[in-house]
file query-v1.cif (mmCIF, C-alpha atoms)
data_protein
#
loop_
_atom_site.label_atom_id
_atom_site.label_comp_id
_atom_site.auth_asym_id
_atom_site.auth_seq_id
_atom_site.Cartn_x
_atom_site.Cartn_y
_atom_site.Cartn_z
CA MET G 115 -0.49 -60.98 133.92
CA ASN G 116 -4.25 -60.99 133.44
CA ALA G 117 -4.33 -64.64 134.40
CA GLU G 118 -7.86 -64.25 135.81
CA LYS G 119 -9.14 -62.85 132.45
CA SER G 120 -7.67 -65.63 130.32
CA SER G 121 -9.51 -68.91 130.11
CA SER G 122 -6.40 -70.62 128.81
CA MET G 123 -4.16 -72.56 131.13
CA ARG G 124 -1.17 -72.02 128.86
CA THR G 125 1.60 -69.83 130.15
CA PRO G 126 2.40 -66.55 128.33
CA LEU G 127 5.62 -68.07 127.04
CA ALA G 128 3.86 -71.10 125.59
CA ARG G 129 1.42 -68.80 123.80
CA VAL G 130 4.10 -66.76 122.04
CA ARG G 131 6.46 -69.61 121.34
CA SER G 132 6.73 -70.44 117.60
CA LEU G 133 5.07 -67.13 116.74
CA GLY G 134 7.11 -64.37 115.18
CA SER G 135 9.80 -64.74 112.60
CA SER G 136 12.57 -66.21 114.70
CA HIS G 137 12.22 -69.64 113.11
CA SER G 138 12.57 -68.38 109.55
CA GLY G 139 13.91 -64.83 109.74
CA THR G 140 17.53 -65.91 109.55
CA SER G 141 17.24 -67.59 106.16
CA ASP G 142 18.59 -64.54 104.28
CA PHE G 143 21.43 -64.18 106.78
CA TRP G 144 22.30 -67.84 106.28
CA ARG G 145 22.08 -67.72 102.47
CA GLN G 146 24.20 -64.58 102.36
CA ARG G 147 26.95 -66.47 104.17
CA LEU G 148 26.39 -69.66 102.18
CA THR G 149 26.83 -67.83 98.89
CA ALA G 150 29.79 -65.90 100.32
CA VAL G 151 31.60 -69.14 101.18
CA ALA G 152 30.79 -70.50 97.73
CA MET G 153 32.26 -67.44 96.04
CA THR G 154 35.33 -67.48 98.29
CA VAL G 155 36.06 -70.95 96.96
CA LEU G 156 35.08 -70.15 93.36
CA ILE G 157 36.92 -66.81 93.06
CA VAL G 158 40.30 -68.43 92.36
CA PRO G 159 39.18 -70.52 89.33
CA VAL G 160 37.03 -67.61 88.10
CA ILE G 161 40.02 -65.24 88.13
CA VAL G 162 42.06 -67.91 86.32
CA VAL G 163 39.33 -68.18 83.65
CA VAL G 164 39.18 -64.41 83.21
CA LEU G 165 42.99 -64.26 82.90
CA MET G 166 42.84 -67.07 80.32
CA LEU G 167 40.47 -64.94 78.25
CA ILE G 168 42.77 -61.93 78.08
CA GLY G 169 43.81 -61.19 74.55
CA SER G 170 41.56 -63.78 72.95
CA ASN G 171 38.97 -62.83 70.36
CA GLN G 172 35.34 -63.96 70.34
CA ALA G 173 36.15 -67.35 68.81
CA GLY G 174 38.79 -67.91 71.48
CA ALA G 175 36.43 -66.88 74.26
CA LYS G 176 33.75 -69.21 72.94
CA GLN G 177 36.32 -72.01 72.75
CA ILE G 178 37.26 -71.48 76.41
CA PHE G 179 33.62 -71.41 77.56
CA SER G 180 32.93 -74.62 75.64
CA SER G 181 34.96 -76.43 78.30
CA VAL G 182 32.55 -78.20 80.66
CA PRO G 183 34.39 -77.48 83.96
CA ILE G 184 34.86 -73.81 83.03
CA ALA G 185 31.18 -73.43 82.13
CA ILE G 186 30.12 -75.09 85.39
CA ILE G 187 32.47 -72.93 87.49
CA MET G 188 31.12 -69.79 85.84
CA LEU G 189 27.51 -70.93 86.28
CA LEU G 190 28.04 -71.65 89.98
CA PHE G 191 29.73 -68.29 90.45
CA ILE G 192 26.92 -66.43 88.68
CA VAL G 193 24.18 -68.14 90.71
CA ALA G 194 26.02 -67.49 93.99
CA SER G 195 26.79 -63.85 93.16
CA ALA G 196 23.27 -63.04 91.92
CA TRP G 197 21.76 -64.52 95.05
CA HIS G 198 24.29 -62.79 97.30
CA MET G 199 23.77 -59.39 95.70
CA LYS G 200 20.00 -59.74 95.82
CA ILE G 201 20.17 -60.21 99.59
CA GLY G 202 22.78 -57.48 100.04
CA MET G 203 20.89 -54.89 98.04
CA GLN G 204 17.67 -55.72 99.89
CA VAL G 205 19.46 -54.98 103.17
CA VAL G 206 20.60 -51.63 101.76
CA ILE G 207 17.06 -50.81 100.56
CA GLU G 208 15.54 -51.74 103.90
CA ASP G 209 18.11 -49.56 105.68
CA TYR G 210 17.52 -46.39 103.67
CA VAL G 211 14.08 -46.53 102.04
CA HIS G 212 11.40 -45.90 104.63
CA ASN G 213 8.41 -45.15 102.42
CA GLU G 214 6.55 -48.45 102.28
CA LYS G 215 5.45 -48.24 98.64
CA ILE G 216 8.83 -47.12 97.34
CA LYS G 217 10.45 -49.82 99.45
CA LEU G 218 8.24 -52.54 97.96
CA ALA G 219 8.90 -51.25 94.44
CA SER G 220 12.66 -51.12 95.12
CA VAL G 221 12.78 -54.63 96.56
CA MET G 222 10.82 -55.87 93.56
CA ALA G 223 13.10 -54.05 91.10
CA ASN G 224 16.09 -55.53 92.93
CA ASN G 225 14.70 -59.03 92.45
CA PHE G 226 14.01 -58.40 88.76
CA PHE G 227 17.51 -56.96 88.21
CA CYS G 228 19.29 -59.87 89.88
CA ILE G 229 17.19 -62.51 88.14
CA ALA G 230 17.61 -60.80 84.76
CA VAL G 231 21.39 -60.44 85.11
CA ALA G 232 21.72 -64.04 86.28
CA LEU G 233 19.52 -65.51 83.56
CA ALA G 234 21.17 -63.46 80.80
CA SER G 235 24.62 -64.61 81.94
CA ILE G 236 23.52 -68.22 82.36
CA TYR G 237 21.92 -68.20 78.90
CA ALA G 238 25.11 -66.80 77.36
CA ILE G 239 27.30 -69.45 78.99
CA LEU G 240 24.97 -72.31 78.07
CA LYS G 241 24.80 -71.02 74.50
CA MET G 242 28.59 -70.96 74.23
CA SER G 243 29.17 -74.28 75.98
CA SER G 244 26.57 -76.08 73.87
CA GLY G 245 28.20 -74.63 70.76
CA VAL G 246 24.98 -73.29 69.25
CA MET A 549 -6.28 -29.59 134.04
CA GLY A 550 -7.13 -30.64 137.51
CA ARG A 551 -3.93 -32.58 137.73
CA PRO A 552 -1.75 -31.74 140.62
CA GLU A 553 1.36 -29.94 139.52
CA ALA A 554 4.45 -32.00 139.95
CA PRO A 555 6.82 -30.69 142.55
CA PRO A 556 9.74 -28.79 141.01
CA THR A 557 12.31 -31.46 141.49
CA SER A 558 14.95 -32.69 139.08
CA LYS A 559 12.54 -35.41 137.93
CA PRO A 560 10.02 -34.00 135.42
CA PRO A 561 6.45 -35.38 135.19
CA MET A 562 5.96 -38.36 132.88
CA THR A 563 3.76 -36.38 130.48
CA ALA A 564 6.37 -33.72 129.79
CA ARG A 565 8.53 -34.00 126.73
CA ILE A 566 11.94 -34.76 128.08
CA GLU A 567 14.91 -33.50 126.14
CA ARG A 568 17.00 -36.61 126.32
CA PRO A 569 20.32 -36.74 124.49
CA LEU A 570 19.90 -38.25 121.02
CA SER A 571 22.12 -40.91 119.60
CA PRO A 572 25.04 -39.19 117.89
CA HIS A 573 24.87 -39.19 114.13
CA MET A 574 27.61 -39.86 111.57
CA GLN A 575 29.20 -36.41 111.71
CA ILE A 576 29.46 -36.53 115.50
CA TYR A 577 31.39 -39.79 115.77
CA ARG A 578 35.13 -39.77 115.54
CA TRP A 579 35.98 -41.64 112.38
CA THR A 580 37.40 -45.05 113.06
CA LEU A 581 39.00 -47.49 110.68
CA THR A 582 36.36 -50.18 111.13
CA MET A 583 33.61 -47.62 110.56
CA ALA A 584 35.18 -46.33 107.35
CA LEU A 585 35.76 -49.85 106.07
CA SER A 586 32.20 -50.82 106.96
CA ILE A 587 31.02 -48.07 104.61
CA VAL A 588 33.55 -49.15 101.97
CA HIS A 589 32.26 -52.72 102.26
CA ARG A 590 28.74 -51.58 101.49
CA ALA A 591 29.89 -49.19 98.75
CA THR A 592 31.94 -51.90 97.01
CA GLY A 593 28.95 -54.24 97.31
CA ILE A 594 26.73 -51.71 95.56
CA ALA A 595 29.39 -51.10 92.89
CA LEU A 596 29.74 -54.84 92.28
CA TYR A 597 25.95 -55.09 92.01
CA PHE A 598 25.87 -52.71 89.04
CA GLY A 599 29.18 -54.06 87.76
CA THR A 600 27.49 -57.37 87.02
CA LEU A 601 25.89 -55.54 84.06
CA LEU A 602 29.39 -55.36 82.58
CA LEU A 603 29.94 -59.06 83.25
CA ALA A 604 26.57 -59.95 81.68
CA TRP A 605 27.29 -57.67 78.67
CA TRP A 606 30.67 -59.37 78.17
CA LEU A 607 29.20 -62.89 78.36
CA ILE A 608 26.28 -62.06 76.05
CA ALA A 609 28.68 -60.46 73.57
CA ALA A 610 30.91 -63.53 73.64
CA ALA A 611 27.87 -65.69 72.95
CA SER A 612 26.53 -63.35 70.25
CA GLY A 613 29.41 -63.04 67.83
CA PRO A 614 32.65 -61.32 66.82
CA GLY A 615 31.06 -57.91 66.23
CA ALA A 616 29.48 -57.66 69.66
CA TYR A 617 32.64 -58.99 71.32
CA ALA A 618 34.76 -56.41 69.50
CA HIS A 619 32.57 -53.69 71.04
CA VAL A 620 33.26 -55.03 74.53
CA GLN A 621 36.99 -55.28 73.81
CA ALA A 622 37.01 -51.73 72.45
CA PHE A 623 35.42 -50.60 75.71
CA THR A 624 37.63 -52.62 78.05
CA GLY A 625 40.68 -51.53 76.05
CA SER A 626 39.88 -47.83 76.43
CA ILE A 627 41.22 -45.75 79.32
CA ILE A 628 37.77 -45.41 80.95
CA GLY A 629 37.06 -49.09 80.39
CA LYS A 630 40.38 -50.10 81.95
CA LEU A 631 39.72 -47.83 84.93
CA ILE A 632 36.28 -49.35 85.43
CA VAL A 633 37.57 -52.92 85.16
CA PHE A 634 40.46 -52.07 87.49
CA GLY A 635 37.99 -50.57 89.95
CA TYR A 636 35.78 -53.62 89.57
CA THR A 637 38.74 -55.91 90.34
CA TRP A 638 39.57 -53.92 93.46
CA ALA A 639 35.92 -53.75 94.59
CA LEU A 640 35.59 -57.52 94.16
CA LEU A 641 38.79 -58.44 95.99
CA HIS A 642 38.28 -55.86 98.71
CA HIS A 643 34.70 -56.97 99.30
CA LEU A 644 35.92 -60.58 99.41
CA LEU A 645 38.60 -59.95 102.04
CA SER A 646 36.38 -57.58 103.99
CA GLY A 647 33.71 -60.27 103.91
CA LEU A 648 36.17 -62.87 105.22
CA ARG A 649 36.74 -60.48 108.15
CA HIS A 650 33.00 -60.63 108.79
CA PHE A 651 33.23 -64.43 108.87
CA VAL A 652 35.84 -64.19 111.61
CA TRP A 653 33.49 -61.96 113.58
CA ASP A 654 30.48 -64.19 112.83
CA LEU A 655 32.38 -67.07 114.40
CA GLY A 656 32.98 -64.97 117.50
CA TYR A 657 36.67 -64.14 117.10
CA GLY A 658 38.65 -60.96 116.56
CA PHE A 659 36.65 -58.52 118.65
CA LYS A 660 39.55 -57.10 120.64
CA ALA A 661 40.50 -53.57 119.58
CA SER A 662 43.89 -54.67 118.28
CA GLU A 663 42.42 -57.71 116.50
CA ARG A 664 39.65 -55.86 114.68
CA GLU A 665 42.08 -53.14 113.63
CA ALA A 666 44.51 -55.76 112.33
CA LEU A 667 41.75 -57.60 110.44
CA THR A 668 40.53 -54.37 108.89
CA TRP A 669 44.02 -53.22 107.88
CA GLY A 670 44.58 -56.69 106.46
CA ALA A 671 41.46 -56.45 104.32
CA ALA A 672 42.30 -52.92 103.12
CA ILE A 673 45.94 -53.63 102.27
CA GLY A 674 45.22 -57.15 101.03
CA GLY A 675 42.53 -55.90 98.66
CA ILE A 676 44.86 -53.35 97.05
CA SER A 677 47.80 -55.79 96.91
CA LEU A 678 45.77 -58.59 95.32
CA THR A 679 44.30 -56.17 92.77
CA VAL A 680 47.77 -54.99 91.75
CA LEU A 681 48.97 -58.61 91.66
CA VAL A 682 46.10 -59.72 89.40
CA TRP A 683 46.75 -56.81 87.04
CA ILE A 684 50.48 -57.54 86.92
CA VAL A 685 49.67 -61.14 85.98
CA ALA A 686 47.08 -59.89 83.45
CA TYR A 687 49.64 -57.56 81.81
CA THR A 688 52.29 -60.28 81.83
CA ILE A 689 49.93 -62.66 80.05
CA GLY A 690 48.18 -60.25 77.76
CA GLY A 691 50.89 -57.74 77.05
CA GLY A 692 48.63 -54.83 77.89
CA ARG A 693 45.44 -56.05 76.24
#
call {"tool": "encode", "arguments": {"input": "query-v1.cif", "output": "C-alpha cells"}}
result
Amino acid sequence: MNAEKSSSMRTPLARVRSLGSSHSGTSDFWRQRLTAVAMTVLIVPVIVVVLMLIGSNQAGAKQIFSSVPIAIIMLLFIVASAWHMKIGMQVVIEDYVHNEKIKLASVMANNFFCIAVALASIYAILKMSSGV
Amino acid sequence: MGRPEAPPTSKPPMTARIERPLSPHMQIYRWTLTMALSIVHRATGIALYFGTLLLAWWLIAAASGPGAYAHVQAFTGSIIGKLIVFGYTWALLHHLLSGLRHFVWDLGYGFKASEREALTWGAAIGGISLTVLVWIVAYTIGGGR
C-alpha cells in the first residue's frame, strides 16, 4: 500500500503497533473482575456482620463496628463495591447515552456519586471504629 | 449524469441505497432465558448502585447517634422498608451468582446450549433461594426486627 509514497522503511504493521488503546483499554474490564472476585470472597463475612447487627440499637451497632476485623472487612467491601459500580454504571451510560456532552456529564456524575458514597461510608466506619 | 446506467441485473449499482435487512431489534427476537437474565443482571446492578445510598445512610446514622439510627430502624422496620431491603438482598445475591456465571464464561467454559441454560437457571433459582435463606436466618436471629 502506497509504499512508493512513504519514505519510511517500516512496515504498516510496525507503524500501527503500540498505537490505539489495546494496551490499556482492558483496565476497566480487569478491575471489574478484580473487584467482583473480592466481593465474592467478602460477601459471606459481610452478610454475617449485617445479621449480627439485626435487633441491636445504635450503641450495639457502634460496638460491633469498633471491632478491627469487622471494620476492615466492611472497608474492603465498600471500596470494592464502589469501584465495581463505578465501572458498571459507566458501561451502562456508554451504552445508552449517545449525546457527547450529556455522556461526559453523566460519566462525571457517576464518578462523583461513587466517590461520595464510598467516602461517606468509609468515614462512618472509621468514626465508629476509632470510637470518636 | 453522464454515468452509464447500470444494466438491470439483480446487482444494483454501488451508489444506490440498498435496502439491506437490518439487525433485528429487541421486540423481534424470541425471548430466551439468557437474554432475560442478561437484562436482569444489568437491572439488579443499577438497583444496587442506588441501593448503596441506603447502606451509606445506615452507616452514617450508626456513626451519628441514637436519634439518626432510630430513623433508619423505623424505615427498615416499616413494610416499604422491609420490601426494599428484601429486594436489595435479592438484587445483591442474584447479581453475585449471575456474575459468577459470567466468570465461568470469561474462563471459556459453559457455552453449550444446555450448559448456559443450566448456569442461568442456577443463578436465577440460587439467587431466590439464598435470599429466602438469609431472611429466614435474619428472622430466626432477630425475631422479626
call {"tool": "residues_around", "arguments": {"input": "query-v1.cif", "residues": "G:Met153", "least_positions_apart": "2", "cutoff": "8 Å", "atoms": "all atoms listed in the file", "output": "PyMOL selection string"}}
result
chain G and resi 149-151+155-157+191+194-195
call {"tool": "residues_around", "arguments": {"input": "query-v1.cif", "residues": "A:Gly690", "least_positions_apart": "4", "cutoff": "12 Å", "atoms": "all atoms listed in the file", "output": "JSON list (two decimals) with C-alpha atoms, in the frame of the given file"}}
result
[["chain", "number", "residue", "atom", "x", "y", "z"],
["G", 164, "VAL", "CA", 39.18, -64.41, 83.21],
["G", 165, "LEU", "CA", 42.99, -64.26, 82.90],
["G", 166, "MET", "CA", 42.84, -67.07, 80.32],
["G", 167, "LEU", "CA", 40.47, -64.94, 78.25],
["G", 168, "ILE", "CA", 42.77, -61.93, 78.08],
["G", 169, "GLY", "CA", 43.81, -61.19, 74.55],
["G", 170, "SER", "CA", 41.56, -63.78, 72.95],
["A", 625, "GLY", "CA", 40.68, -51.53, 76.05],
["A", 682, "VAL", "CA", 46.10, -59.72, 89.40],
["A", 683, "TRP", "CA", 46.75, -56.81, 87.04],
["A", 684, "ILE", "CA", 50.48, -57.54, 86.92],
["A", 685, "VAL", "CA", 49.67, -61.14, 85.98],
["A", 686, "ALA", "CA", 47.08, -59.89, 83.45]]
call {"tool": "closest_atom_pairs", "arguments": {"input": "query-v1.cif", "of": "chain A", "to": "chain G", "cutoff": "10 Å", "atoms": "all atoms listed in the file", "output": "tab-separated table"}}
result
residue	atom	partner	partner_atom	distance
A:Arg590	CA	G:Val206	CA	8.1
A:Gly593	CA	G:Met199	CA	7.5
A:Ile594	CA	G:Met203	CA	7.1
A:Leu596	CA	G:Met199	CA	8.2
A:Tyr597	CA	G:Met199	CA	6.1
A:Phe598	CA	G:Phe227	CA	9.4
A:Thr600	CA	G:Val231	CA	7.1
A:Leu601	CA	G:Val231	CA	6.7
A:Leu602	CA	G:Val231	CA	9.8
A:Leu603	CA	G:Ser235	CA	7.8
A:Ala604	CA	G:Ser235	CA	5.1
A:Trp605	CA	G:Ser235	CA	8.1
A:Trp606	CA	G:Ser235	CA	8.8
A:Leu607	CA	G:Ala238	CA	5.7
A:Ile608	CA	G:Ala238	CA	5.1
A:Ala609	CA	G:Gln172	CA	8.2
A:Ala610	CA	G:Gln172	CA	5.5
A:Ala611	CA	G:Ala238	CA	5.3
A:Ser612	CA	G:Ala238	CA	8.0
A:Gly613	CA	G:Gln172	CA	6.5
A:Pro614	CA	G:Gln172	CA	5.2
A:Gly615	CA	G:Gln172	CA	8.5
A:Ala616	CA	G:Gln172	CA	8.6
A:Tyr617	CA	G:Gln172	CA	5.7
A:Ala618	CA	G:Gln172	CA	7.6
A:Gln621	CA	G:Asn171	CA	8.5
A:Thr637	CA	G:Ile161	CA	9.7
A:Leu640	CA	G:Ile157	CA	9.4
A:Leu641	CA	G:Ile157	CA	9.1
A:Leu644	CA	G:Thr154	CA	7.0
A:Leu645	CA	G:Thr154	CA	9.0
A:Gly647	CA	G:Ala150	CA	7.7
A:Leu648	CA	G:Thr154	CA	8.4
A:His650	CA	G:Arg147	CA	9.6
A:Phe651	CA	G:Arg147	CA	8.1
A:Asp654	CA	G:Arg147	CA	9.6
A:Val682	CA	G:Ile161	CA	8.3
A:Trp683	CA	G:Leu165	CA	9.3
A:Val685	CA	G:Leu165	CA	8.0
A:Ala686	CA	G:Leu165	CA	6.0
A:Tyr687	CA	G:Ile168	CA	9.0
A:Ile689	CA	G:Ile168	CA	7.5
A:Gly690	CA	G:Gly169	CA	5.5
A:Gly691	CA	G:Gly169	CA	8.3
A:Gly692	CA	G:Gly169	CA	8.7
A:Arg693	CA	G:Gly169	CA	5.7
call {"tool": "atom_distance", "arguments": {"input": "query-v1.cif", "atom1": "atom CA of A:Thr580", "atom2": "atom CA of A:Phe659"}}
result
14.6 Å
call {"tool": "atom_distance", "arguments": {"input": "query-v1.cif", "atom1": "atom CA of G:Asp142", "atom2": "atom CA of G:Pro183"}}
result
28.8 Å
call {"tool": "residues_around", "arguments": {"input": "query-v1.cif", "residues": "A:His642", "least_positions_apart": "4", "cutoff": "8 Å", "atoms": "only C-alpha atoms", "output": "short mmCIF file (atom, residue, chain, number, x, y, z; two decimals) with C-alpha atoms, in the coordinates of the input"}}
result
data_model
loop_
_atom_site.label_atom_id
_atom_site.label_comp_id
_atom_site.auth_asym_id
_atom_site.auth_seq_id
_atom_site.Cartn_x
_atom_site.Cartn_y
_atom_site.Cartn_z
CA HIS A 589 32.26 -52.72 102.26
CA THR A 592 31.94 -51.90 97.01
CA TRP A 638 39.57 -53.92 93.46
CA SER A 646 36.38 -57.58 103.99
CA ALA A 671 41.46 -56.45 104.32
CA ALA A 672 42.30 -52.92 103.12
CA GLY A 674 45.22 -57.15 101.03
CA GLY A 675 42.53 -55.90 98.66
CA ILE A 676 44.86 -53.35 97.05
#
call {"tool": "closest_residue", "arguments": {"input": "query-v1.cif", "among": "A:Phe634, A:Trp653, A:Trp669, A:Phe623", "to": "A:Leu681", "atoms": "all atoms listed in the file"}}
result
A:Phe634
call {"tool": "atom_distance", "arguments": {"input": "query-v1.cif", "atom1": "atom CA of G:Lys215", "atom2": "atom CA of G:Trp197"}}
result
23.3 Å
